[in-house]
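Asks: Got a file for you: run_23.cif, mmCIF, N, CA and C atoms.
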data_start
loop_
_atom_site.label_atom_id
_atom_site.label_comp_id
_atom_site.auth_asym_id
_atom_site.auth_seq_id
_atom_site.Cartn_x
_atom_site.Cartn_y
_atom_site.Cartn_z
N MET T 15 274.17 64.02 1.19
CA MET T 15 273.94 65.14 0.30
C MET T 15 275.16 65.35 -0.59
N SER T 16 274.90 65.83 -1.77
CA SER T 16 275.98 66.08 -2.71
C SER T 16 276.51 67.51 -2.54
N ALA T 17 277.66 67.74 -3.12
CA ALA T 17 278.26 69.07 -3.07
C ALA T 17 277.33 70.11 -3.69
N SER T 18 276.63 69.74 -4.76
CA SER T 18 275.75 70.72 -5.41
C SER T 18 274.55 71.07 -4.53
N SER T 19 274.02 70.11 -3.77
CA SER T 19 272.90 70.44 -2.89
C SER T 19 273.38 71.28 -1.70
N HIS T 20 274.58 70.98 -1.21
CA HIS T 20 275.16 71.83 -0.16
C HIS T 20 275.40 73.24 -0.68
N GLN T 21 275.84 73.32 -1.92
CA GLN T 21 276.10 74.62 -2.52
C GLN T 21 274.82 75.44 -2.58
N ALA T 22 273.72 74.82 -2.95
CA ALA T 22 272.43 75.54 -3.02
C ALA T 22 272.00 76.02 -1.64
N GLU T 23 272.15 75.16 -0.65
CA GLU T 23 271.76 75.54 0.71
C GLU T 23 272.63 76.67 1.25
N LEU T 24 273.94 76.56 1.03
CA LEU T 24 274.85 77.60 1.52
C LEU T 24 274.70 78.91 0.75
N SER T 25 274.30 78.83 -0.48
CA SER T 25 274.03 80.04 -1.25
C SER T 25 272.87 80.81 -0.63
N SER T 26 271.88 80.09 -0.18
CA SER T 26 270.75 80.72 0.51
C SER T 26 271.20 81.36 1.82
N VAL T 27 272.03 80.64 2.57
CA VAL T 27 272.56 81.18 3.82
C VAL T 27 273.38 82.43 3.53
N ARG T 28 274.15 82.42 2.47
CA ARG T 28 274.97 83.58 2.10
C ARG T 28 274.10 84.79 1.83
N SER T 29 272.99 84.59 1.14
CA SER T 29 272.06 85.69 0.88
C SER T 29 271.48 86.24 2.18
N GLN T 30 271.15 85.35 3.10
CA GLN T 30 270.63 85.79 4.39
C GLN T 30 271.66 86.58 5.17
N LEU T 31 272.93 86.15 5.10
CA LEU T 31 273.99 86.90 5.77
C LEU T 31 274.07 88.33 5.25
N GLU T 32 273.97 88.49 3.94
CA GLU T 32 274.04 89.83 3.36
C GLU T 32 272.84 90.68 3.78
N GLU T 33 271.68 90.07 3.84
CA GLU T 33 270.50 90.80 4.30
C GLU T 33 270.67 91.24 5.76
N LEU T 34 271.17 90.36 6.61
CA LEU T 34 271.42 90.71 8.00
C LEU T 34 272.45 91.82 8.11
N ARG T 35 273.52 91.72 7.33
CA ARG T 35 274.57 92.73 7.37
C ARG T 35 274.01 94.10 7.02
N ALA T 36 273.19 94.15 5.98
CA ALA T 36 272.60 95.42 5.56
C ALA T 36 271.67 95.99 6.63
N ARG T 37 270.92 95.14 7.29
CA ARG T 37 270.02 95.59 8.35
C ARG T 37 270.80 96.15 9.53
N VAL T 38 271.87 95.45 9.93
CA VAL T 38 272.71 95.91 11.04
C VAL T 38 273.35 97.24 10.69
N GLU T 39 273.86 97.37 9.47
CA GLU T 39 274.49 98.61 9.04
C GLU T 39 273.49 99.78 9.08
N LYS T 40 272.29 99.54 8.61
CA LYS T 40 271.26 100.59 8.60
C LYS T 40 270.96 101.08 10.02
N ILE T 41 270.85 100.15 10.96
CA ILE T 41 270.60 100.54 12.34
C ILE T 41 271.80 101.28 12.91
N ALA T 42 273.00 100.79 12.64
CA ALA T 42 274.21 101.43 13.15
C ALA T 42 274.30 102.88 12.68
N MET T 43 273.93 103.11 11.44
CA MET T 43 274.02 104.47 10.89
C MET T 43 273.09 105.43 11.61
N THR T 44 271.99 104.93 12.16
CA THR T 44 271.08 105.83 12.88
C THR T 44 271.68 106.30 14.20
N TYR T 45 272.62 105.55 14.76
CA TYR T 45 273.26 105.92 16.02
C TYR T 45 274.58 106.64 15.84
N GLN T 46 275.10 106.66 14.62
CA GLN T 46 276.39 107.29 14.36
C GLN T 46 276.27 108.79 14.60
N GLY T 47 277.24 109.34 15.32
CA GLY T 47 277.27 110.78 15.57
C GLY T 47 276.27 111.25 16.61
N THR T 48 275.71 110.34 17.38
CA THR T 48 274.76 110.69 18.44
C THR T 48 275.42 110.42 19.79
N PRO T 49 274.78 110.85 20.87
CA PRO T 49 275.32 110.50 22.19
C PRO T 49 275.40 108.98 22.42
N ASP T 50 274.65 108.23 21.62
CA ASP T 50 274.66 106.77 21.72
C ASP T 50 275.60 106.15 20.68
N SER T 51 276.66 106.86 20.32
CA SER T 51 277.56 106.37 19.27
C SER T 51 278.27 105.07 19.66
N ALA T 52 278.29 104.74 20.95
CA ALA T 52 278.88 103.46 21.35
C ALA T 52 278.06 102.31 20.77
N VAL T 53 276.76 102.53 20.65
CA VAL T 53 275.90 101.52 20.02
C VAL T 53 276.32 101.36 18.56
N ALA T 54 276.52 102.47 17.88
CA ALA T 54 276.94 102.43 16.47
C ALA T 54 278.27 101.70 16.33
N SER T 55 279.19 101.99 17.22
CA SER T 55 280.50 101.36 17.16
C SER T 55 280.38 99.84 17.26
N GLU T 56 279.60 99.36 18.18
CA GLU T 56 279.41 97.91 18.34
C GLU T 56 278.70 97.31 17.14
N LEU T 57 277.72 98.02 16.63
CA LEU T 57 276.99 97.51 15.47
C LEU T 57 277.87 97.51 14.22
N PHE T 58 278.71 98.51 14.05
CA PHE T 58 279.64 98.50 12.92
C PHE T 58 280.64 97.35 13.04
N GLU T 59 281.00 97.00 14.27
CA GLU T 59 281.87 95.83 14.48
C GLU T 59 281.13 94.56 14.04
N ALA T 60 279.86 94.46 14.39
CA ALA T 60 279.06 93.31 13.95
C ALA T 60 278.95 93.29 12.43
N ASP T 61 278.79 94.47 11.83
CA ASP T 61 278.72 94.60 10.37
C ASP T 61 280.00 94.06 9.73
N ARG T 62 281.15 94.42 10.30
CA ARG T 62 282.43 93.93 9.77
C ARG T 62 282.54 92.41 9.92
N ALA T 63 282.06 91.89 11.04
CA ALA T 63 282.11 90.44 11.26
C ALA T 63 281.21 89.71 10.25
N LEU T 64 280.05 90.27 9.98
CA LEU T 64 279.15 89.67 8.99
C LEU T 64 279.74 89.75 7.58
N THR T 65 280.43 90.85 7.29
CA THR T 65 281.11 90.98 5.99
C THR T 65 282.19 89.92 5.85
N THR T 66 282.96 89.72 6.91
CA THR T 66 284.00 88.70 6.90
C THR T 66 283.39 87.31 6.74
N ALA T 67 282.30 87.06 7.45
CA ALA T 67 281.62 85.77 7.33
C ALA T 67 281.13 85.55 5.90
N GLY T 68 280.63 86.60 5.28
CA GLY T 68 280.17 86.50 3.89
C GLY T 68 281.32 86.15 2.94
N ARG T 69 282.45 86.77 3.14
CA ARG T 69 283.61 86.48 2.29
C ARG T 69 284.09 85.04 2.49
N THR T 70 284.05 84.59 3.73
CA THR T 70 284.42 83.21 4.01
C THR T 70 283.44 82.24 3.34
N MET T 71 282.16 82.57 3.41
CA MET T 71 281.15 81.74 2.74
C MET T 71 281.38 81.74 1.23
N ASP T 72 281.75 82.88 0.67
CA ASP T 72 282.03 82.94 -0.77
C ASP T 72 283.16 81.98 -1.15
N ARG T 73 284.20 81.94 -0.33
CA ARG T 73 285.31 81.03 -0.61
C ARG T 73 284.86 79.57 -0.51
N ALA T 74 284.03 79.27 0.49
CA ALA T 74 283.51 77.91 0.63
C ALA T 74 282.63 77.55 -0.56
N LEU T 75 281.82 78.49 -1.01
CA LEU T 75 280.96 78.23 -2.17
C LEU T 75 281.78 77.99 -3.43
N THR T 76 282.86 78.72 -3.59
CA THR T 76 283.75 78.50 -4.73
C THR T 76 284.35 77.10 -4.67
N ALA T 77 284.79 76.70 -3.48
CA ALA T 77 285.37 75.37 -3.32
C ALA T 77 284.33 74.29 -3.60
N LEU T 78 283.09 74.49 -3.13
CA LEU T 78 282.03 73.52 -3.41
C LEU T 78 281.68 73.47 -4.88
N SER T 79 281.71 74.61 -5.54
CA SER T 79 281.45 74.65 -6.98
C SER T 79 282.51 73.84 -7.72
N ASP T 80 283.76 74.02 -7.34
CA ASP T 80 284.85 73.25 -7.95
C ASP T 80 284.65 71.76 -7.69
N LEU T 81 284.27 71.42 -6.48
CA LEU T 81 284.05 70.02 -6.13
C LEU T 81 282.89 69.42 -6.93
N ALA T 82 281.80 70.18 -7.04
CA ALA T 82 280.63 69.70 -7.80
C ALA T 82 281.00 69.46 -9.26
N ARG T 83 281.80 70.37 -9.84
CA ARG T 83 282.23 70.19 -11.23
C ARG T 83 283.08 68.94 -11.39
N SER T 84 283.95 68.70 -10.43
CA SER T 84 284.83 67.53 -10.53
C SER T 84 284.05 66.23 -10.35
N GLN T 85 282.94 66.27 -9.65
CA GLN T 85 282.13 65.07 -9.46
C GLN T 85 281.40 64.67 -10.74
N TYR T 86 281.18 65.63 -11.63
CA TYR T 86 280.43 65.35 -12.86
C TYR T 86 281.34 65.06 -14.04
N LYS T 87 282.63 64.99 -13.81
CA LYS T 87 283.57 64.71 -14.91
C LYS T 87 283.75 63.22 -15.06
#
Kindly transcribe the structure held in the file into structure tokens.

Replies:
Amino acid sequence: MSASSHQAELSSVRSQLEELRARVEKIAMTYQGTPDSAVASELFEADRALTTAGRTMDRALTALSDLARSQYK
């Protein structure tokens, strides 16, 4: 596979990560400030981990974009 095809596949994965992050955040917010706030705390930690994963994916996508451009020169 070429860098550009990997870029397309990873772009799709990146979108899915953001969708998952938003879903986890929405659920966490329902438990915030309740007697079950420990659930919210853990879910917000998962939200932060998904945010970090998304940023890491963004950096990888940038690197793949640079690689794809260099392959076509």

Asks: Of the candidates T:Ala52, T:Gly68, T:Ala60, T:Gln85, which shows the shortest atom-to-atom distance to Val38 in chain T, using only N, CA and C atoms?

Replies: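 For Val38 in chain T, the nearest of the candidates is T:Ala60.
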
Asks: Quick one: which residues end up in the PyMOL selection byres (((chain T and resi 57 and name CA) around 12) and name CA) for this structure, as a list in words?

Replies: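 Residues picked by the PyMOL selection byres (((chain T and resi 57 and name CA) around 12) and name CA): Leu34, Arg35, Ala36, Arg37, Val38, Glu39, Lys40, Ile41, Ala42, Met43, Thr44, Tyr45, Gln46, Asp50, Ser51, Ala52, Val53, Ala54, Ser55, Glu56, Phe58, Glu59, Ala60, Asp61, Arg62, Ala63 and Leu64 of chain T.
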
Asks: Can you work out which one of T:Ser18, T:Leu31, T:Ser25, T:Thr70 has the shortest atom-to-atom distance to Arg83 in chain T, counting all atoms listed in the file?

Replies: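 Once distances to Arg83 in chain T are computed over all atoms listed in the file, the minimum belongs to T:Ser18.
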
Asks: Would you compute the distance between CA of Glu32 in chain T and atom N of Arg69 in chain T? Give it in Å to one decimal.

Replies: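 Between CA of Glu32 in chain T and atom N of Arg69 in chain T the gap works out to 9.0 Å.
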
Asks: Contacts of Ala82 in chain T at 7 Å or less, counting all atoms listed in the file, minus same-chain residues fewer than 4 places along, as a list in words?

Replies: Ala17, Ser18, Ala77, Leu78, Tyr86 and Lys87 of chain T
